[in-house]
Amino acid sequence: MTTSTRAVPRLLAAAALQARGWFALAVLASAVDAAVTLATPALLARTLDDALAHRPLTGPLSALVAAFGAATGAAVLHVVAAGTSGAAAAGRLRRGLVHRVLDAGLAGQRRHAAGDITGRLVGSCAEAGHAGLTVLDTVMSVVTSIVGVVSLWLIDWRPAVTFLLGLPPVYVVLRLFFRRSSSALTRYQELQGQIADRLIEALGGVRTIRASGTVAAETTRVLEPLSELSETGLLTWLLQRATAWQMGLLLPAIEILVLAVSGYGVVAGRISSGELVAVTGYVAIALGLFQQVDALGELAHSVAAGRRVAEVLGQPVTLGGERGPDGSIAGCAVSFRGVRLLAGDRVVLDGIDLEIPAGTALAVVGASGGGKSSLAALVGRLHDPDQGTVLLDGVPVTEFTADELSRRVAYAFERPALLDGTIRGTIALARPEATQSVIEAAARAARADDFIRRLPDGYDTRLVDAPLSGGEAQRLGLARAFAQDSRVVVLDDATSSLDTVTEAKVTEALHSAFTGRTRIVVAHRASTAARADLVAWLADGRIRAVAPHAELWSAQEYRAQFAAVPETVEEETCPIP
């Protein structure tokens with residue numbers, strides 16, 4: 001994904017201004033420090049000239065002491081203000097990145113893997129958050145350098161012209177360094193993200209890796225980008241080293257030439273001894289900008305990091321509508337009209353036209369990879385179709401606010417994410433105001449109440465203290481969907497880890513306790529499809545037929561959809577992922 005050249009500066013500027021007060025204090029501190037730096041050579045020159053002329057030194061020395069005190073106070077203020085401002089900027093970027101990733105949902109997972117996102121969240125946001133301060137320091141260096149040159153000119157135009165003639169090669173060296181190092185640093189951060197993503201994948205499959213004896217091979221796979229990472233890191237240091245020695249030759253040469261011209265000025269009587277001291281200070285100030293190779297390296301780091309953050313923040317946003325609650329609690333009709341969904345160049349759903357009457361229990365059946373879960377995801381806008389419209393009671397889902405749509409459509413998944421820390425919290429995740437009686441009723445409907453009460457602290461048991469089987473986790477996910485009390489309930493293969501008896505009881509509860517609600521069930525078992533009012537048979541991304549299960553069962557191709565699906569027994573509890 002490409003990022004606009006203007007997007008990165010705007011992003012970094014907005015982040016820097018997150019804590020405007022602290023950033024303003026950092027600006028003030030830098031300005032005071034710059035003013036003291038510029039005033040010091042003039043104060044030293046005056047002190048020396050007064051001393052040589054045997055004039056009183058009280059005034060000049062007092063001014064020097066005051067300048068030293070102001071510089072010390074500014075330095076302390078800058079440390080505090082810069083640290084606070086940088087932390088606030090990084091926090092803003094992290095909040096924005098997390099919000100955008102979660103908002104992008106399933107579509108975002110295709111663009112950026114989990115490890116890559118983690119690297120951007122932890123490293124890139126922190127580096128990008130300090131971009132404003134780095135730019136501030138660079139701007140102050142530019143300003144002080146310009147004023148330093150002007151001060152040289154006011155003393156004698158000849159040293160100033162000598163200084164300016166030496167700048168073009170310095171500019172070329174720094175320009176090449178910034179361009180090359182920024183590209184190398186971007187690649188370095190990308191490789192870090194690749195390693196992090198592969199490690200997360202390996203940790204998720206640690207049981208399989210250990211059981212198959214592929215620890216060594218998996219270690220090699222995870223660390224495969226390490227050699228390129230090392231080469232890229234070495235390249236950045238080589239660029240910095242080359243720039244450092246080039247600047248180490250150019251800057252002293254310019255300084256020597258300026259001092260030589262100024263020395264002739266002293267001999268010619270154009271420059272006093274004190275002014276020669278001032279020239280020495282101002283030429284050092286004027287060269288200060290070009291001596292900050294490390295600062296330029298930090299700026300390159302920040303820009304590269306900002307580019308990586310901007311790539312994620314530049315993802316398409318799922319915009320919610322403005323339609324809010326209407327007070328209804330009954331099921332609602334769900335309509336798919338001309339829906340087409342792509343995954344890259346592959347057509348997942350093609351020309352889907354489907355009407356699900358309010359209160360209907362619909363099973364979605366089809367071959368593995370045939371688009372069943374994708375169809376179910378469209379109802380609650382976990383995906384948006386590339387073409388066509390999905391409607392609830394005749395209203396496009398895009399017109400509902402995000403909160404209202406989540407209230408209307410509840411989901412339970414094959415592998416539910418158990419969040420919020422406790423059993424009670426994970427069931428009430430989408431409905432925090434749910435009472436204990438509502439939570440327990442939902443757990444009973446999902447056939448989870450019995451095993452929850454056997455846990456050490458019942459509903460208050462922490463999830464980390466409750467190793468759950470796949471079936472128990474699924475029942476908690478079902479309970480969460482039931483507790484949400486939505487008008488549409490979508491079960492995306494949410495009973496696949498249950499034994500047939502428990503699955504039958506859960507399905508019975510779904511149909512009895514939620515009579516009048518619309519239910520969409522992605523089904524892999526014939527028994528699940530048989531309990532539904534209607535079956536939508538998907539084949540090659542299209543609706544093959546919509547009819548009761550009993551009517552479709554006569555078709556051999558339909559029966560084949562269930563041939564390879566065992567009526568499994570719930571898996572054993574195992575805390576290892």
# chains A, B, ... in the order shown; residues from 1 in each chain; ligands from 1

call {"tool": "residues_around", "arguments": {"residues": "Ala539 of chain A", "least_positions_apart": "6", "cutoff": "8 Å", "atoms": "only C-alpha atoms", "output": "list in words"}}
result
Gly366, Ala367 and Gly370 of chain A

call {"tool": "select_by_dssp", "arguments": {"residues": "segment 341-511 of chain A", "states": "alpha helix (DSSP H)", "output": "PyMOL selection string"}}
result
chain A and resi 372-379+402-408+423-427+436-445+449-453+470-484+500-511

call {"tool": "residues_around", "arguments": {"residues": "segment 483-492 of chain A", "least_positions_apart": "5", "cutoff": "8 Å", "atoms": "only C-alpha atoms", "output": "CSV table (one decimal) with N, CA, C and O atoms, in the first residue's frame"}}
result
chain,number,residue,atom,x,y,z
A,329,ILE,N,-37.8,-5.3,19.5
A,329,ILE,CA,-37.0,-6.4,20.0
A,329,ILE,C,-37.3,-7.6,19.2
A,329,ILE,O,-36.7,-8.7,19.5
A,330,ALA,N,-38.2,-7.6,18.2
A,330,ALA,CA,-38.5,-8.8,17.4
A,330,ALA,C,-37.4,-9.0,16.4
A,330,ALA,O,-36.6,-8.1,16.1
A,331,GLY,N,-37.4,-10.2,15.8
A,331,GLY,CA,-36.5,-10.5,14.7
A,331,GLY,C,-36.7,-9.6,13.5
A,331,GLY,O,-37.8,-9.0,13.4
A,332,CYS,N,-35.7,-9.4,12.7
A,332,CYS,CA,-35.9,-8.6,11.5
A,332,CYS,C,-35.5,-9.4,10.3
A,332,CYS,O,-34.7,-10.3,10.3
A,373,SER,N,-19.0,-18.5,5.7
A,373,SER,CA,-18.6,-17.5,6.7
A,373,SER,C,-18.6,-16.1,6.2
A,373,SER,O,-19.0,-15.1,6.9
A,376,ALA,N,-22.1,-14.8,6.1
A,376,ALA,CA,-22.6,-14.5,7.5
A,376,ALA,C,-21.9,-13.2,8.0
A,376,ALA,O,-22.6,-12.4,8.7
A,407,ARG,N,-25.9,-4.0,18.3
A,407,ARG,CA,-27.0,-4.3,19.1
A,407,ARG,C,-28.0,-5.2,18.4
A,407,ARG,O,-28.6,-6.1,18.9
A,408,ARG,N,-28.1,-5.0,17.1
A,408,ARG,CA,-29.1,-5.7,16.3
A,408,ARG,C,-28.6,-7.1,15.9
A,408,ARG,O,-29.3,-8.0,15.7
A,409,VAL,N,-27.3,-7.2,15.7
A,409,VAL,CA,-26.7,-8.5,15.2
A,409,VAL,C,-25.6,-9.0,16.1
A,409,VAL,O,-24.6,-8.3,16.4
A,410,ALA,N,-25.8,-10.2,16.6
A,410,ALA,CA,-24.9,-10.9,17.6
A,410,ALA,C,-24.2,-12.0,16.8
A,410,ALA,O,-24.9,-12.7,16.0
A,411,TYR,N,-23.0,-12.3,17.2
A,411,TYR,CA,-22.2,-13.3,16.5
A,411,TYR,C,-21.6,-14.3,17.6
A,411,TYR,O,-21.3,-13.9,18.7
A,412,ALA,N,-21.5,-15.6,17.2
A,412,ALA,CA,-20.8,-16.6,17.9
A,412,ALA,C,-19.9,-17.3,16.8
A,412,ALA,O,-20.4,-17.7,15.8
A,413,PHE,N,-18.6,-17.5,17.2
A,413,PHE,CA,-17.7,-18.0,16.2
A,413,PHE,C,-17.2,-19.4,16.6
A,413,PHE,O,-17.3,-19.8,17.7
A,414,GLU,N,-16.5,-20.1,15.6
A,414,GLU,CA,-16.0,-21.4,15.9
A,414,GLU,C,-14.9,-21.3,16.9
A,414,GLU,O,-14.8,-22.2,17.8
A,427,ILE,N,-18.8,-13.1,28.9
A,427,ILE,CA,-20.2,-13.3,28.5
A,427,ILE,C,-20.9,-12.0,28.3
A,427,ILE,O,-21.7,-11.8,27.4
A,428,ALA,N,-20.6,-11.0,29.2
A,428,ALA,CA,-21.2,-9.7,29.1
A,428,ALA,C,-20.5,-8.7,28.3
A,428,ALA,O,-20.7,-7.5,28.3
A,430,ALA,N,-20.4,-7.7,25.1
A,430,ALA,CA,-21.1,-6.8,24.2
A,430,ALA,C,-22.3,-6.2,24.9
A,430,ALA,O,-23.0,-5.3,24.3
A,431,ARG,N,-22.5,-6.5,26.1
A,431,ARG,CA,-23.6,-5.9,26.9
A,431,ARG,C,-23.2,-5.8,28.3
A,431,ARG,O,-23.6,-6.5,29.2
A,434,ALA,N,-25.5,-6.0,31.4
A,434,ALA,CA,-26.3,-7.2,31.7
A,434,ALA,C,-26.2,-7.6,33.2
A,434,ALA,O,-25.2,-7.6,33.8
A,438,VAL,N,-29.3,-12.3,33.7
A,438,VAL,CA,-29.3,-12.4,32.2
A,438,VAL,C,-28.0,-13.2,31.8
A,438,VAL,O,-28.1,-14.1,30.9
A,439,ILE,N,-26.9,-13.0,32.5
A,439,ILE,CA,-25.7,-13.8,32.2
A,439,ILE,C,-25.9,-15.2,32.5
A,439,ILE,O,-25.5,-16.1,31.7
A,441,ALA,N,-28.7,-16.9,32.6
A,441,ALA,CA,-29.7,-17.4,31.6
A,441,ALA,C,-29.1,-17.7,30.3
A,441,ALA,O,-29.3,-18.8,29.6
A,442,ALA,N,-28.2,-16.8,29.8
A,442,ALA,CA,-27.5,-17.0,28.6
A,442,ALA,C,-26.5,-18.2,28.7
A,442,ALA,O,-26.4,-19.0,27.8
A,478,LEU,N,-21.1,-18.8,22.6
A,478,LEU,CA,-22.5,-18.8,22.4
A,478,LEU,C,-23.3,-18.1,23.5
A,478,LEU,O,-24.3,-17.3,23.2
A,517,ARG,N,-36.8,-14.3,16.9
A,517,ARG,CA,-35.5,-13.7,16.4
A,517,ARG,C,-35.1,-14.4,15.1
A,517,ARG,O,-35.3,-15.6,14.9
A,518,THR,N,-34.4,-13.7,14.3
A,518,THR,CA,-33.8,-14.2,13.1
A,518,THR,C,-32.5,-14.9,13.4
A,518,THR,O,-31.6,-14.3,14.1
A,519,ARG,N,-32.3,-16.1,13.0
A,519,ARG,CA,-31.1,-16.9,13.3
A,519,ARG,C,-30.5,-17.4,12.0
A,519,ARG,O,-31.1,-18.0,11.1
A,520,ILE,N,-29.2,-17.1,11.9
A,520,ILE,CA,-28.4,-17.6,10.7
A,520,ILE,C,-27.3,-18.5,11.2
A,520,ILE,O,-26.4,-18.0,12.0
A,521,VAL,N,-27.3,-19.7,10.8
A,521,VAL,CA,-26.3,-20.7,11.3
A,521,VAL,C,-25.5,-21.3,10.2
A,521,VAL,O,-26.1,-21.9,9.2
A,522,VAL,N,-24.2,-21.1,10.2
A,522,VAL,CA,-23.3,-21.8,9.3
A,522,VAL,C,-23.2,-23.2,9.7
A,522,VAL,O,-22.7,-23.5,10.8
A,523,ALA,N,-23.7,-24.1,8.9
A,523,ALA,CA,-23.8,-25.5,9.3
A,523,ALA,C,-22.9,-26.4,8.5
A,523,ALA,O,-22.8,-26.3,7.3

call {"tool": "atom_distance", "arguments": {"atom1": "atom CA of Gln474 of chain A", "atom2": "atom CA of Arg415 of chain A"}}
result
6.6 Å

call {"tool": "residues_around", "arguments": {"residues": "Leu391 of chain A", "least_positions_apart": "2", "cutoff": "9 Å", "atoms": "only C-alpha atoms", "output": "PyMOL selection string"}}
result
chain A and resi 333-337+379+389+393-398

call {"tool": "write_last_selection", "arguments": {"atoms": "N, CA and C atoms", "output": "mmCIF file, in the first residue's frame"}}
result
data_model
loop_
_atom_site.group_PDB
_atom_site.id
_atom_site.type_symbol
_atom_site.label_atom_id
_atom_site.label_comp_id
_atom_site.auth_asym_id
_atom_site.auth_seq_id
_atom_site.Cartn_x
_atom_site.Cartn_y
_atom_site.Cartn_z
ATOM 1 N N ALA A 333 -36.085 -8.966 9.143
ATOM 2 C CA ALA A 333 -35.781 -9.611 7.873
ATOM 3 C C ALA A 333 -34.385 -9.215 7.421
ATOM 4 N N VAL A 334 -33.681 -10.175 6.844
ATOM 5 C CA VAL A 334 -32.333 -9.931 6.316
ATOM 6 C C VAL A 334 -32.373 -10.174 4.819
ATOM 7 N N SER A 335 -31.839 -9.215 4.049
ATOM 8 C CA SER A 335 -31.885 -9.315 2.595
ATOM 9 C C SER A 335 -30.490 -9.118 2.011
ATOM 10 N N PHE A 336 -30.166 -9.970 1.034
ATOM 11 C CA PHE A 336 -28.942 -9.808 0.237
ATOM 12 C C PHE A 336 -29.394 -9.542 -1.197
ATOM 13 N N ARG A 337 -28.952 -8.425 -1.759
ATOM 14 C CA ARG A 337 -29.395 -8.069 -3.099
ATOM 15 C C ARG A 337 -28.193 -7.770 -3.997
ATOM 16 N N VAL A 379 -23.644 -9.587 7.306
ATOM 17 C CA VAL A 379 -24.837 -9.113 8.024
ATOM 18 C C VAL A 379 -24.466 -8.032 9.035
ATOM 19 N N THR A 389 -26.014 -4.903 -1.902
ATOM 20 C CA THR A 389 -26.463 -4.314 -0.643
ATOM 21 C C THR A 389 -26.978 -5.395 0.294
ATOM 22 N N ASP A 393 -34.541 -5.384 7.603
ATOM 23 C CA ASP A 393 -35.879 -4.803 7.494
ATOM 24 C C ASP A 393 -35.932 -3.713 6.422
ATOM 25 N N GLY A 394 -35.274 -3.965 5.308
ATOM 26 C CA GLY A 394 -35.299 -3.035 4.186
ATOM 27 C C GLY A 394 -34.368 -1.854 4.302
ATOM 28 N N VAL A 395 -33.612 -1.772 5.401
ATOM 29 C CA VAL A 395 -32.689 -0.653 5.603
ATOM 30 C C VAL A 395 -31.250 -1.149 5.367
ATOM 31 N N PRO A 396 -30.482 -0.530 4.471
ATOM 32 C CA PRO A 396 -29.095 -0.948 4.266
ATOM 33 C C PRO A 396 -28.301 -0.904 5.567
ATOM 34 N N VAL A 397 -27.485 -1.927 5.809
ATOM 35 C CA VAL A 397 -26.728 -1.983 7.068
ATOM 36 C C VAL A 397 -25.776 -0.801 7.193
ATOM 37 N N THR A 398 -25.405 -0.192 6.069
ATOM 38 C CA THR A 398 -24.502 0.956 6.116
ATOM 39 C C THR A 398 -25.137 2.185 6.736
#

call {"tool": "residues_around", "arguments": {"residues": "Thr37 of chain A", "least_positions_apart": "2", "cutoff": "10 Å", "atoms": "only C-alpha atoms", "output": "PDB file with C-alpha atoms, in the first residue's frame"}}
result
ATOM      1  CA  ALA A  31      13.957  29.352  21.810  1.00  0.00           C
ATOM      2  CA  VAL A  32      15.537  30.470  25.088  1.00  0.00           C
ATOM      3  CA  ASP A  33      18.444  28.078  24.567  1.00  0.00           C
ATOM      4  CA  ALA A  34      18.930  29.347  20.996  1.00  0.00           C
ATOM      5  CA  ALA A  35      18.820  32.994  22.159  1.00  0.00           C
ATOM      6  CA  ALA A  39      24.079  35.971  22.616  1.00  0.00           C
ATOM      7  CA  THR A  40      27.073  34.245  24.211  1.00  0.00           C
ATOM      8  CA  PRO A  41      29.703  35.037  21.511  1.00  0.00           C
ATOM      9  CA  ALA A  42      28.700  38.718  21.540  1.00  0.00           C
ATOM     10  CA  ALA A  67      22.795  33.735  30.232  1.00  0.00           C
ATOM     11  CA  PHE A  68      24.267  30.652  31.903  1.00  0.00           C
ATOM     12  CA  ALA A  71      20.440  28.149  29.527  1.00  0.00           C
ATOM     13  CA  THR A 144      20.507  29.651  14.941  1.00  0.00           C
ATOM     14  CA  GLY A 148      25.039  32.904  13.139  1.00  0.00           C
ATOM     15  CA  GLY A 281      31.663  31.358  18.290  1.00  0.00           C
ATOM     16  CA  TYR A 282      29.381  32.297  15.411  1.00  0.00           C
ATOM     17  CA  ILE A 285      26.973  28.111  15.695  1.00  0.00           C
TER      18      ILE A 285
END

call {"tool": "closest_residue", "arguments": {"among": "A:Gly541, A:Gly338, A:Pro56, A:Gly471", "to": "Ser368 of chain A", "atoms": "only C-alpha atoms"}}
result
A:Gly541

call {"tool": "residues_around", "arguments": {"residues": "Leu191 of chain A", "least_positions_apart": "6", "cutoff": "8 Å", "atoms": "only C-alpha atoms", "output": "list in words"}}
result
Pro225, Leu226, Glu228 and Leu229 of chain A

call {"tool": "atom_distance", "arguments": {"atom1": "atom CA of Thr360 of chain A", "atom2": "atom CA of Ala417 of chain A"}}
result
27.1 Å

call {"tool": "residues_around", "arguments": {"residues": "Ser272 of chain A", "least_positions_apart": "2", "cutoff": "12 Å", "atoms": "only C-alpha atoms", "output": "list in words"}}
result
Ala45, Arg46, Leu48, Asp49, Asp50, Leu52, Ala53, Ile155, Asp156, Ser262, Gly263, Tyr264, Gly265, Val266, Val267, Ala268, Gly269, Arg270, Gly274, Glu275, Leu276, Val277, Ala278 and Val279 of chain A
